[in-house]
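Chemist: Compact mmCIF, C-alpha atoms and all ligand atoms, file target.txt:
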```txt
# COMPACT_ATOMS: atom_id res chain seq x y z
CA MET I 200 113.79 76.19 75.06
CA ASN I 201 111.60 79.21 75.58
CA ALA I 202 107.95 80.13 75.98
CA GLU I 203 105.52 83.03 75.80
CA ILE I 204 102.37 83.23 77.88
CA ILE I 205 99.28 85.09 76.75
CA ALA I 206 96.56 85.83 79.33
CA VAL I 207 93.25 86.68 77.68
CA GLY I 208 90.61 88.80 79.41
CA SER I 209 89.70 92.49 79.42
CA GLU I 210 89.23 92.36 83.21
CA MET I 211 93.00 91.93 83.61
CA LEU I 212 93.58 95.25 81.86
CA THR I 213 91.80 97.04 84.71
CA GLY I 214 92.70 97.20 88.37
CA ASP I 215 90.11 94.52 89.17
CA ARG I 216 91.99 91.35 88.33
CA ILE I 217 95.58 90.36 87.95
CA ASP I 218 96.98 87.61 85.78
CA THR I 219 98.05 84.94 88.26
CA ASN I 220 97.91 82.05 85.79
CA SER I 221 101.16 83.11 84.19
CA LEU I 222 102.96 82.98 87.55
CA PHE I 223 101.94 79.37 88.00
CA ILE I 224 102.80 78.42 84.42
CA THR I 225 106.17 80.18 84.65
CA ASP I 226 107.05 78.25 87.77
CA GLN I 227 106.17 74.95 86.16
CA LEU I 228 108.03 75.74 82.96
CA ASN I 229 111.10 76.91 84.84
CA ASN I 230 111.15 73.63 86.73
CA LEU I 231 111.45 71.89 83.37
CA GLY I 232 114.20 74.25 82.29
CA VAL I 233 112.00 76.26 79.88
CA GLU I 234 112.57 79.99 80.05
CA VAL I 235 109.60 82.35 79.80
CA VAL I 236 110.73 85.18 77.54
CA ALA I 237 107.52 87.24 77.34
CA LYS I 238 104.09 87.55 78.92
CA HIS I 239 101.17 89.38 77.38
CA VAL I 240 97.77 90.41 78.71
CA ILE I 241 95.29 90.92 75.87
CA GLY I 242 91.67 92.06 76.16
CA ASP I 243 88.79 90.18 74.53
CA ASP I 244 89.78 91.37 71.06
CA ARG I 245 90.04 88.66 68.40
CA GLU I 246 92.28 90.54 65.95
CA ARG I 247 94.74 91.79 68.51
CA LEU I 248 94.92 88.36 70.11
CA ALA I 249 95.46 86.65 66.75
CA ARG I 250 98.30 89.08 65.97
CA THR I 251 99.95 88.42 69.33
CA ILE I 252 99.66 84.64 68.92
CA ARG I 253 101.06 84.80 65.38
CA GLN I 254 104.07 86.78 66.54
CA ALA I 255 104.70 84.61 69.59
CA ALA I 256 104.47 81.40 67.54
CA ARG I 257 107.15 82.77 65.21
CA SER I 258 109.72 83.34 67.93
CA SER I 259 109.04 80.97 70.82
CA ASP I 260 108.98 77.19 71.19
CA PHE I 261 105.85 77.18 73.32
CA VAL I 262 102.93 79.60 73.31
CA ILE I 263 100.47 79.20 76.16
CA VAL I 264 97.17 81.04 75.88
CA SER I 265 94.89 81.08 78.93
CA GLY I 266 91.27 82.24 79.23
CA GLY I 267 88.56 83.23 76.80
CA LEU I 268 87.29 79.68 76.25
CA GLY I 269 83.79 80.30 77.57
CA PRO I 270 80.64 79.99 75.44
CA THR I 271 79.89 83.70 74.97
CA GLU I 272 80.67 86.18 72.16
CA ASP I 273 83.48 87.81 74.12
CA ASP I 274 85.30 84.47 74.46
CA VAL I 275 87.53 84.82 71.43
CA THR I 276 90.51 82.58 72.09
CA ARG I 277 89.59 79.56 69.91
CA ASP I 278 88.77 81.81 66.94
CA ALA I 279 91.92 83.87 67.39
CA VAL I 280 94.20 80.82 67.59
CA ALA I 281 92.50 79.30 64.50
CA ALA I 282 92.98 82.57 62.60
CA ALA I 283 96.59 82.96 63.73
CA LEU I 284 97.52 79.43 62.67
CA GLY I 285 95.37 79.46 59.54
CA ARG I 286 93.45 76.36 60.58
CA ALA I 287 89.76 75.52 60.53
CA GLN I 288 87.72 74.50 63.57
CA VAL I 289 85.81 71.27 63.70
CA PHE I 290 82.77 70.47 65.85
CA ASN I 291 83.55 67.58 68.20
CA ALA I 292 80.37 65.69 69.13
CA GLY I 293 82.11 63.83 71.98
CA ILE I 294 83.08 67.08 73.74
CA SER I 295 79.58 68.48 73.22
CA GLU I 296 78.04 65.36 74.80
CA GLY I 297 80.46 65.62 77.72
CA ILE I 298 79.40 69.21 78.37
CA GLU I 299 75.73 68.27 78.02
CA GLU I 300 76.25 65.48 80.56
CA ARG I 301 77.90 67.90 82.97
CA PHE I 302 74.82 70.15 82.72
CA ARG I 303 72.52 67.15 83.20
CA ARG I 304 74.36 66.23 86.42
CA MET I 305 73.65 69.77 87.65
CA LYS I 306 69.94 69.23 86.68
CA ARG I 307 70.22 71.84 83.95
CA VAL I 308 69.87 71.84 80.18
CA MET I 309 72.93 72.89 78.21
CA PRO I 310 72.31 76.24 76.48
CA GLU I 311 72.86 76.06 72.71
CA ILE I 312 75.77 78.53 72.88
CA ASN I 313 77.83 76.07 74.92
CA LYS I 314 78.26 74.03 71.73
CA ARG I 315 80.95 76.59 70.82
CA GLN I 316 83.10 75.06 73.51
CA ALA I 317 83.12 71.83 71.49
CA MET I 318 84.87 73.49 68.52
CA VAL I 319 88.37 72.06 68.10
CA ILE I 320 91.17 73.47 66.01
CA GLN I 321 92.11 71.10 63.20
CA GLY I 322 94.91 68.79 64.27
CA ALA I 323 94.67 69.69 67.96
CA GLU I 324 94.91 67.18 70.78
CA ILE I 325 92.19 67.68 73.35
CA LEU I 326 93.20 68.39 76.94
CA ALA I 327 90.54 67.14 79.34
CA ASN I 328 89.10 69.60 81.84
CA ASP I 329 88.19 67.76 85.04
CA CYS I 330 87.09 70.93 86.85
CA GLY I 331 85.02 72.80 84.23
CA THR I 332 83.38 72.71 80.81
CA ALA I 333 85.94 74.14 78.39
CA PRO I 334 88.53 71.59 77.25
CA GLY I 335 92.03 72.76 76.47
CA GLN I 336 93.88 72.15 73.21
CA TRP I 337 97.47 71.18 72.35
CA ILE I 338 98.41 72.19 68.83
CA VAL I 339 101.70 71.28 67.22
CA THR I 340 102.70 73.65 64.43
CA GLY I 341 106.03 72.65 62.88
CA LYS I 342 108.57 73.05 65.70
CA GLN I 343 106.26 75.04 67.96
CA VAL I 344 103.44 74.05 70.29
CA VAL I 345 100.48 76.29 71.02
CA MET I 346 98.47 75.42 74.15
CA ILE I 347 95.01 76.75 74.83
CA LEU I 348 93.99 76.51 78.48
CA PRO I 349 90.94 77.67 80.47
CA GLY I 350 91.08 80.93 82.46
CA PRO I 351 89.77 79.94 85.91
CA PRO I 352 92.99 79.36 87.89
CA HIS I 353 91.88 76.04 89.49
CA GLU I 354 90.93 74.63 86.05
CA LEU I 355 94.17 75.83 84.50
CA LYS I 356 96.36 74.43 87.28
CA SER I 357 94.72 71.04 87.18
CA MET I 358 94.89 70.83 83.37
CA PHE I 359 98.45 72.08 83.12
CA THR I 360 99.67 69.64 85.76
CA ARG I 361 97.78 66.61 84.44
CA GLU I 362 97.89 67.16 80.70
CA CYS I 363 100.72 69.51 79.75
CA MET I 364 103.63 68.65 82.04
CA SER I 365 104.08 65.08 80.81
CA ARG I 366 103.76 66.16 77.16
CA LEU I 367 106.33 68.91 77.75
CA ALA I 368 108.69 66.52 79.52
CA HIS I 369 108.82 64.43 76.32
CA ILE I 370 109.88 67.42 74.27
CA VAL I 371 112.12 69.42 76.60
CA PRO I 372 115.66 68.02 77.02
CA PRO I 373 116.24 66.96 80.65
CA LEU I 374 117.68 69.77 82.69
CA VAL I 375 118.38 70.08 86.40
CA ILE I 376 117.73 73.44 88.02
CA ARG I 377 119.27 74.19 91.40
CA THR I 378 118.75 77.43 93.29
CA ARG I 379 120.56 79.09 96.20
CA ILE I 380 119.23 82.10 98.02
CA PHE I 381 121.23 84.44 100.24
CA ARG I 382 119.35 86.94 102.33
CA VAL I 383 121.18 90.10 103.20
CA SER I 384 120.42 93.03 105.46
CA GLY I 385 122.17 96.22 106.47
CA MET I 386 123.26 97.50 103.06
CA SER I 387 121.62 99.17 100.07
CA GLU I 388 120.67 97.33 96.89
CA SER I 389 123.24 99.27 94.88
CA ASP I 390 126.03 98.59 97.43
CA LEU I 391 125.13 94.92 97.30
CA ASP I 392 125.25 94.86 93.52
CA GLN I 393 128.52 96.76 93.43
CA THR I 394 130.05 94.24 95.84
CA ILE I 395 128.96 91.05 94.11
CA SER I 396 128.49 91.95 90.45
CA PRO I 397 132.21 91.51 89.62
CA ILE I 398 131.73 87.91 90.79
CA TYR I 399 128.40 86.91 89.28
CA LYS I 400 128.75 88.86 86.00
CA LYS I 401 131.44 86.39 84.90
CA TYR I 402 128.77 83.69 84.71
CA GLU I 403 125.71 83.41 82.52
CA ASN I 404 124.96 80.15 84.30
CA PRO I 405 124.03 80.35 87.13
CA ALA I 406 121.79 83.33 86.51
CA THR I 407 121.87 85.80 89.39
CA THR I 408 119.06 88.14 90.40
CA ILE I 409 118.90 90.64 93.24
CA LEU I 410 115.50 91.30 94.79
CA ALA I 411 114.95 94.20 97.19
CA HIS I 412 111.95 94.72 99.41
CA ASN I 413 111.73 97.18 102.31
CA GLY I 414 115.34 96.90 103.38
CA ASP I 415 115.49 93.16 102.85
CA LEU I 416 117.73 91.98 100.03
CA GLN I 417 117.82 88.59 98.40
CA VAL I 418 120.39 87.20 96.01
CA HIS I 419 118.99 84.33 93.92
CA LEU I 420 121.36 82.11 91.98
CA ARG I 421 119.86 79.61 89.56
CA ALA I 422 122.00 76.99 87.89
CA ARG I 423 120.73 74.89 84.97
CA CYS I 424 122.78 71.85 84.13
CA ALA I 425 122.43 68.35 82.79
CA THR I 426 123.08 66.79 86.22
CA LYS I 427 122.51 67.71 89.84
CA ALA I 428 126.23 67.37 90.62
CA GLU I 429 127.16 69.79 87.85
CA ALA I 430 124.60 72.34 89.04
CA GLU I 431 125.76 72.10 92.65
CA SER I 432 129.41 72.48 91.74
CA LEU I 433 128.66 75.49 89.55
CA LEU I 434 126.74 77.07 92.42
CA ASP I 435 129.61 76.34 94.84
CA GLU I 436 132.01 78.03 92.45
CA VAL I 437 130.02 81.29 92.38
CA CYS I 438 128.57 81.24 95.91
CA GLY I 439 131.95 80.83 97.64
CA PRO I 440 133.34 84.23 96.56
CA ILE I 441 129.92 85.89 97.14
CA GLU I 442 129.88 84.60 100.72
CA THR I 443 133.42 85.84 101.29
CA ALA I 444 132.58 89.27 99.88
CA LEU I 445 129.44 89.71 101.97
CA GLY I 446 130.55 88.04 105.20
CA SER I 447 128.26 88.70 108.14
CA LEU I 448 125.89 90.83 106.02
CA ILE I 449 124.37 87.50 104.94
CA TYR I 450 121.83 86.48 107.54
CA SER I 451 120.40 83.43 105.82
CA ARG I 452 121.76 80.96 103.29
CA CYS I 453 118.54 79.05 102.78
CA GLY I 454 116.03 81.81 102.06
CA HIS I 455 114.62 82.17 105.57
CA PRO I 456 113.49 85.66 106.68
CA LEU I 457 114.97 87.36 109.74
CA GLU I 458 112.10 86.42 112.05
CA ILE I 459 112.82 82.72 111.48
CA VAL I 460 116.59 83.16 111.83
CA ILE I 461 116.14 85.04 115.11
CA GLY I 462 113.57 82.55 116.38
CA ARG I 463 116.04 79.69 115.88
CA LYS I 464 118.85 81.54 117.65
CA LEU I 465 116.65 82.47 120.61
CA THR I 466 115.37 78.89 120.90
CA GLU I 467 118.91 77.46 120.78
CA ARG I 468 119.94 79.79 123.61
CA ASN I 469 116.81 79.28 125.63
CA ALA I 470 116.34 83.05 125.48
CA THR I 471 113.17 85.14 125.35
CA LEU I 472 112.16 88.33 123.60
CA VAL I 473 109.75 91.19 124.24
CA VAL I 474 109.10 94.22 122.04
CA ALA I 475 107.92 97.77 122.73
CA GLU I 476 106.60 99.44 119.62
CA SER I 477 105.48 102.95 118.89
CA ALA I 478 105.87 103.86 115.19
CA THR I 479 105.35 100.32 113.91
CA GLY I 480 102.11 99.86 115.89
CA GLY I 481 102.47 96.10 116.29
CA GLY I 482 104.08 95.37 112.90
CA LEU I 483 107.24 93.99 114.50
CA SER I 484 105.22 91.67 116.78
CA GLU I 485 103.23 90.59 113.73
CA ARG I 486 106.41 89.50 111.94
CA ILE I 487 107.78 87.71 114.98
CA THR I 488 104.53 85.84 115.66
CA SER I 489 104.11 84.85 112.01
CA VAL I 490 106.60 82.06 112.79
CA PRO I 491 104.95 78.88 114.04
CA GLY I 492 106.23 78.03 117.51
CA SER I 493 107.21 81.64 118.33
CA SER I 494 105.47 81.31 121.70
CA LYS I 495 108.57 79.38 122.84
CA TYR I 496 110.61 82.57 122.89
CA PHE I 497 108.33 85.55 122.28
CA LEU I 498 106.77 86.82 125.51
CA GLY I 499 104.70 89.57 123.89
CA GLY I 500 104.65 93.11 122.62
CA PHE I 501 103.62 96.49 123.98
CA VAL I 502 102.17 98.98 121.54
CA THR I 503 102.67 102.25 123.37
CA TYR I 504 101.64 105.05 121.09
CA THR I 505 101.00 107.98 123.43
CA ALA I 506 103.47 109.46 125.89
CA ALA I 507 101.14 108.47 128.75
CA MET I 508 101.17 104.81 127.65
CA LYS I 509 104.95 104.83 127.38
CA THR I 510 105.10 106.07 130.96
CA GLU I 511 102.35 103.88 132.38
CA VAL I 512 103.15 100.62 130.63
CA LEU I 513 106.91 100.81 130.20
CA GLY I 514 107.86 103.22 133.00
CA VAL I 515 109.43 105.77 130.65
CA PRO I 516 109.95 108.86 132.89
CA GLU I 517 107.69 111.81 131.98
CA ASP I 518 110.53 114.32 132.32
CA LEU I 519 112.64 112.28 129.88
CA LEU I 520 109.81 112.46 127.33
CA GLU I 521 109.50 116.21 127.83
CA LEU I 522 113.22 116.74 127.61
CA HIS I 523 114.00 114.62 124.52
CA GLY I 524 110.67 114.14 122.73
CA ALA I 525 109.16 110.70 122.00
CA VAL I 526 111.34 110.11 118.95
CA SER I 527 114.81 110.13 120.43
CA PRO I 528 117.58 107.72 121.43
CA ALA I 529 116.83 108.36 125.11
CA ILE I 530 113.22 107.20 124.70
CA ALA I 531 114.16 104.19 122.56
CA GLU I 532 116.56 103.22 125.33
CA ALA I 533 114.00 103.76 128.10
CA MET I 534 111.33 101.80 126.21
CA ALA I 535 113.60 98.80 125.66
CA ARG I 536 114.85 98.85 129.24
CA GLY I 537 111.29 99.23 130.56
CA ALA I 538 109.92 96.36 128.44
CA ARG I 539 112.76 94.07 129.54
CA ASN I 540 112.53 94.99 133.22
CA ARG I 541 108.78 94.59 133.35
CA THR I 542 108.70 91.17 131.70
CA GLY I 543 112.03 89.58 132.62
CA ALA I 544 112.72 88.78 128.94
CA THR I 545 116.32 88.05 127.93
CA TRP I 546 116.11 90.56 125.08
CA ALA I 547 113.91 93.57 124.37
CA ILE I 548 113.56 95.59 121.18
CA SER I 549 112.02 99.05 121.08
CA ILE I 550 111.02 101.16 118.09
CA THR I 551 110.10 104.83 118.14
CA GLY I 552 109.97 107.05 115.08
CA ASN I 553 108.01 109.33 112.82
CA ALA I 554 106.62 107.27 109.93
CA GLY I 555 104.92 110.32 108.42
CA PRO I 556 103.64 111.35 106.03
CA GLY I 557 102.64 114.49 107.98
CA THR I 558 102.64 115.98 111.40
CA ASP I 559 99.89 113.92 113.01
CA GLY I 560 102.03 111.02 114.29
CA PRO I 561 102.01 109.70 117.85
CA GLU I 562 102.32 112.32 120.55
CA GLY I 563 105.70 113.98 120.35
CA ALA I 564 106.69 112.18 117.15
CA ALA I 565 105.81 115.08 114.91
CA GLN I 566 108.75 117.04 116.33
CA ALA I 567 111.09 114.62 114.57
CA PRO I 568 111.55 114.68 110.79
CA VAL I 569 109.52 112.19 108.75
CA GLY I 570 111.42 108.93 108.26
CA VAL I 571 113.44 109.14 111.50
CA VAL I 572 113.46 105.94 113.53
CA TYR I 573 115.29 104.96 116.73
CA ILE I 574 115.67 101.37 117.76
CA GLY I 575 116.76 100.15 121.18
CA ILE I 576 118.06 96.67 121.98
CA ALA I 577 118.27 95.70 125.63
CA GLY I 578 120.23 92.55 126.34
CA PRO I 579 121.12 90.11 129.09
CA ASP I 580 124.17 92.15 130.17
CA GLU I 581 121.72 94.93 131.20
CA SER I 582 123.12 97.27 128.55
CA VAL I 583 120.90 99.01 125.98
CA GLU I 584 122.23 99.97 122.58
CA THR I 585 120.34 102.38 120.35
CA PHE I 586 120.44 102.70 116.58
CA HIS I 587 119.25 105.54 114.45
CA ARG I 588 118.21 105.71 110.82
CA ILE I 589 116.55 108.28 108.56
CA TRP I 590 114.76 106.92 105.51
CA PRO I 591 114.25 109.48 102.79
CA SER I 592 110.61 108.49 102.37
CA SER I 593 107.27 109.88 103.43
CA ASP I 594 105.60 106.60 102.54
CA ARG I 595 104.24 105.54 105.90
CA ALA I 596 103.99 101.85 105.10
CA ARG I 597 107.55 101.71 103.80
CA VAL I 598 109.08 103.55 106.76
CA ARG I 599 107.25 101.21 109.15
CA ALA I 600 108.34 98.12 107.23
CA PHE I 601 111.96 99.37 107.04
CA ALA I 602 111.92 100.05 110.79
CA ALA I 603 110.73 96.52 111.63
CA GLN I 604 113.34 95.04 109.30
CA MET I 605 116.12 97.12 110.83
CA ALA I 606 115.04 96.19 114.37
CA LEU I 607 115.19 92.48 113.54
CA ASP I 608 118.53 92.99 111.82
CA MET I 609 119.98 94.73 114.88
CA LEU I 610 118.86 91.96 117.22
CA ASN I 611 120.21 89.34 114.82
CA ARG I 612 123.63 90.98 114.90
CA LYS I 613 123.58 90.91 118.70
CA LEU I 614 122.80 87.20 118.55
CA GLN I 615 125.82 86.38 116.29
P1 LIG J 701 84.85 79.77 81.45
O1 LIG J 701 84.57 78.58 80.63
O2 LIG J 701 84.67 79.52 82.93
O3 LIG J 701 84.22 81.05 80.95
P2 LIG J 701 87.30 80.78 80.32
O4 LIG J 701 88.41 79.94 79.84
O5 LIG J 701 86.47 81.50 79.31
O6 LIG J 701 86.45 79.94 81.34
P3 LIG J 701 87.57 83.33 81.39
O7 LIG J 701 86.09 83.53 81.23
O8 LIG J 701 88.50 84.09 80.56
O9 LIG J 701 87.93 81.82 81.27
O10 LIG J 701 87.93 83.53 82.92
C1 LIG J 701 87.21 82.87 83.95
C2 LIG J 701 87.65 83.39 85.30
O11 LIG J 701 89.04 83.16 85.49
C3 LIG J 701 87.45 84.89 85.44
O12 LIG J 701 87.08 85.18 86.78
C4 LIG J 701 88.80 85.44 85.14
O13 LIG J 701 89.02 86.69 85.73
C5 LIG J 701 89.72 84.37 85.70
N1 LIG J 701 90.96 84.40 84.95
C6 LIG J 701 91.08 84.32 83.60
N2 LIG J 701 92.36 84.39 83.21
C7 LIG J 701 93.08 84.53 84.36
C8 LIG J 701 94.48 84.69 84.63
N3 LIG J 701 95.38 84.71 83.64
N4 LIG J 701 94.86 84.83 85.91
C9 LIG J 701 93.95 84.83 86.90
N5 LIG J 701 92.61 84.69 86.71
C10 LIG J 701 92.18 84.55 85.46
```
Render the structure in this file as structure tokens.
Ligand code: ATP
Modeler:
Amino acid sequence: MNAEIIAVGSEMLTGDRIDTNSLFITDQLNNLGVEVVAKHVIGDDRERLARTIRQAARSSDFVIVSGGLGPTEDDVTRDAVAAALGRAQVFNAGISEGIEERFRRMKRVMPEINKRQAMVIQGAEILANDCGTAPGQWIVTGKQVVMILPGPPHELKSMFTRECMSRLAHIVPPLVIRTRIFRVSGMSESDLDQTISPIYKKYENPATTILAHNGDLQVHLRARCATKAEAESLLDEVCGPIETALGSLIYSRCGHPLEIVIGRKLTERNATLVVAESATGGGLSERITSVPGSSKYFLGGFVTYTAAMKTEVLGVPEDLLELHGAVSPAIAEAMARGARNRTGATWAISITGNAGPGTDGPEGAAQAPVGVVYIGIAGPDESVETFHRIWPSSDRARVRAFAAQMALDMLNRKLQ
């Protein structure tokens, strides 16, 4: 079965607010096996909203409208739904009394305009609002259901969970959804797709999606079946060949990010880690320390931005900096070695690069092209390996995020 979600509110057509209600509703519907086929954001415009509802109710099993249930003139949802379905609205004295009582508890008198919130579309079931004034409505129209829900996210969540989920569960045929997530690093999104699409394209179920974010790739497989066993066996059938095709490029089979994977490996080996960052300015340490319990293996991080700090804190020789420039394999190596020697950590990672966008990077960095990053990994055998990458981007945030991702990826490979 499928659904369309309509978020009502002119504020969501500006940069001020984003529609988060639909994300929550989508998640809940997906858990029931209902697919969301369209989402709309409509301003406070009765006609446009009525048109959208009419169209959605023609093609989808469920139409969920959120927001615009307040008492003021610009709250147009009830009127638009009534117009779209060709139904009248009826004043419900019980709802009005409930709202009045809510005002009384707050030592206030209910303004007359709040009576609008007690208007109910003919034939609708009322959905109680335990967090606010506007009740929701559940309207069955032939084979479709139109739901009207309040806009404030906490009201919507509570109402949807309490009132809508059980009603939906009676209508939607039971379906089990099982998901597997592979996380992949060290290849491009298009290379990944080229490698695995011949496998997953043969199947409509499970549905496969590839998500890419700053050098981190995720493959999501979602199987929908009548039983758990069926879903698991379908996933096994598709995941087996994907795992074979990707081999060690997969760093996690349960959705964990690299910082968690590395943290586990370091803990298992009783090993420690230190980082020396230039271009990423602490971003790598931030990722590592975002993991609860990282103090077991993470000794700390040096942010050495200037040449003087690299020399003072990490012992990078001045003449080496002059000879090679701050963004070079020699300096990445010296930074990693220095960080490891000065702290006694088992492993050290260094990052030096020019994140751009212009020429005003850390001292010496501007000599290197924008997007160039060197990473050094110093390990327990006293060796230091350096890696080099150029990202064709002058987007500072992206280059820095890519660099941190690559550094974690390189250490993870060393910990295989
Ligand atoms: P109220 O009775 O409180 O006026 P309402 O149903 O009329 O509720 P709106 O006035 O449309 O809801 O929205 C109330 C608040 O909830 C606003 O701050 C609005 O930005 C926010 N909101 C509305 N819809 C959404 C949405 N889809 N996602 C996130 N926030 C939303």
Chemist: What is the CA of Thr276 (chain I)-CA of Thr213 (chain I) distance in Å, reported with one decimal?
Modeler: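 It comes out at 19.2 Å.
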Chemist: Would you list the residues that come within 8 Å of ligand LIG 701 (chain J)? Count only C-alpha atoms and all ligand atoms and give the answer as number ranges by chain.
Modeler: I: 205-208, 210-211, 216-221, 240, 265-271, 274, 331-333, 348-352
Chemist: Keeping only C-alpha atoms, write those residues as an mmCIF file, in the frame of the given file.
Modeler:
```
data_model
loop_
_atom_site.group_PDB
_atom_site.id
_atom_site.type_symbol
_atom_site.label_atom_id
_atom_site.label_comp_id
_atom_site.auth_asym_id
_atom_site.auth_seq_id
_atom_site.Cartn_x
_atom_site.Cartn_y
_atom_site.Cartn_z
ATOM 1 C CA ILE I 205 99.280 85.090 76.750
ATOM 2 C CA ALA I 206 96.560 85.830 79.330
ATOM 3 C CA VAL I 207 93.250 86.680 77.680
ATOM 4 C CA GLY I 208 90.610 88.800 79.410
ATOM 5 C CA GLU I 210 89.230 92.360 83.210
ATOM 6 C CA MET I 211 93.000 91.930 83.610
ATOM 7 C CA ARG I 216 91.990 91.350 88.330
ATOM 8 C CA ILE I 217 95.580 90.360 87.950
ATOM 9 C CA ASP I 218 96.980 87.610 85.780
ATOM 10 C CA THR I 219 98.050 84.940 88.260
ATOM 11 C CA ASN I 220 97.910 82.050 85.790
ATOM 12 C CA SER I 221 101.160 83.110 84.190
ATOM 13 C CA VAL I 240 97.770 90.410 78.710
ATOM 14 C CA SER I 265 94.890 81.080 78.930
ATOM 15 C CA GLY I 266 91.270 82.240 79.230
ATOM 16 C CA GLY I 267 88.560 83.230 76.800
ATOM 17 C CA LEU I 268 87.290 79.680 76.250
ATOM 18 C CA GLY I 269 83.790 80.300 77.570
ATOM 19 C CA PRO I 270 80.640 79.990 75.440
ATOM 20 C CA THR I 271 79.890 83.700 74.970
ATOM 21 C CA ASP I 274 85.300 84.470 74.460
ATOM 22 C CA GLY I 331 85.020 72.800 84.230
ATOM 23 C CA THR I 332 83.380 72.710 80.810
ATOM 24 C CA ALA I 333 85.940 74.140 78.390
ATOM 25 C CA LEU I 348 93.990 76.510 78.480
ATOM 26 C CA PRO I 349 90.940 77.670 80.470
ATOM 27 C CA GLY I 350 91.080 80.930 82.460
ATOM 28 C CA PRO I 351 89.770 79.940 85.910
ATOM 29 C CA PRO I 352 92.990 79.360 87.890
#
```
Chemist: For Arg588 (chain I), work out the shell of residues within 7 Å, counting only C-alpha atoms and skipping chain neighbours fewer than 5 positions away, then give it as a ChimeraX atom specification.
Modeler: /I:571-573
Chemist: Considering all atoms listed in the file, return as a list of chain:residue names whatever protein or nucleic-acid residues lie within 8 Å of Leu472 (chain I), sequence-local ones (same chain, fewer than 2 positions apart) excluded.
Modeler: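 My list of contacting residues is I:Leu465, I:Ala470, I:Val474, I:Tyr496, I:Phe497, I:Leu498, I:Gly499, I:Ala544, I:Thr545, I:Trp546, I:Ala547, I:Ile548.
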Chemist: So how many Å separate CA of Met534 (chain I) and CA of Leu457 (chain I), to one decimal?
Modeler: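 Taking CA of Met534 (chain I) and CA of Leu457 (chain I), their separation equals 22.2 Å.
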Chemist: Could you tell me how far CA of Leu326 (chain I) sits from CA of Arg286 (chain I), in Å to one decimal place?
Modeler: 18.2 Å
Chemist: Pick out the closest residue to Ala602 (chain I) from this set: I:Ala478, I:Leu520, I:Ala430, I:Leu284. Count only C-alpha atoms.
Modeler: I:Ala478
Chemist: Can you pull out every residue within 10 Å of region 374-391 of chain I, counting all atoms listed in the file, but drop anything in the same chain fewer than 3 positions away, and send it as a ChimeraX atom specification?
Modeler: /I:229-233,371,394-396,405-412,414-431,433-435,438,441-442,444-457,604-605,607-609
Chemist: Need the axis-aligned box for region 572-579 of chain I with 6 Å each side, so what are the centre and edges in Å to one decimal, as AutoDock Vina command-line options?
Modeler:
```
--center_x 117.3 --center_y 98.0 --center_z 121.3 --size_x 19.7 --size_y 27.8 --size_z 27.6
```
Chemist: Which residues, protein or nucleic acid, reach to within 8 Å of (105.9, 75.0, 67.6) in the file's coordinates when using all atoms listed in the file, and can you give that as a ChimeraX atom specification?
Modeler: /I:256,259-262,339-345
Chemist: Just give me the residues with any atom within 10 Å of (126.7, 85.6, 114.8), file coordinates, counting all atoms listed in the file, written as an MDAnalysis selection string.
Modeler: chainID I and resid 447 450 464 611:615
Chemist: Rank I:Asn540, I:Thr360, I:Asn553, I:Gln254 by their smallest atom-to-atom distance to Gly480 (chain I), using only C-alpha atoms, and report the top residue only.
Modeler: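 Once distances to Gly480 (chain I) are computed over only C-alpha atoms, the minimum belongs to I:Asn553.
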Chemist: Would you pick out the contacts of Met358 (chain I) at 9 Å or less, using all atoms listed in the file, so that residues sharing its chain but fewer than 3 positions from it are not included, and give the list as an MDAnalysis selection string?
Modeler: chainID I and resid 326:330 334:335 348:349 353:355 361:363
Chemist: Counting only C-alpha atoms, figure out which residue out of I:Val235, I:Ala283, I:Leu228, I:Ala533 gets nearest to Arg253 (chain I).
Modeler: I:Ala283
Chemist: Give me the residues near Ala507 (chain I) as a ChimeraX atom specification, where near means some atom within 12 Å (using all atoms listed in the file) and where sequence neighbours in that chain fewer than 3 positions away do not count.
Modeler: /I:502-504,510-518,520-521,525,561-563
Chemist: I:Ala506, I:Ile574, I:Ala554, I:Ile398: which is nearest Arg595 (chain I), counting all atoms listed in the file?
Modeler: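 With all atoms listed in the file as the atom set, the closest residue is I:Ala554.
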Chemist: Give the answer as one residue: which of I:Pro397, I:Pro440, I:Gly500, I:Gly575 has the shortest atom-to-atom distance to Ile530 (chain I), using all atoms listed in the file?
Modeler: I:Gly575
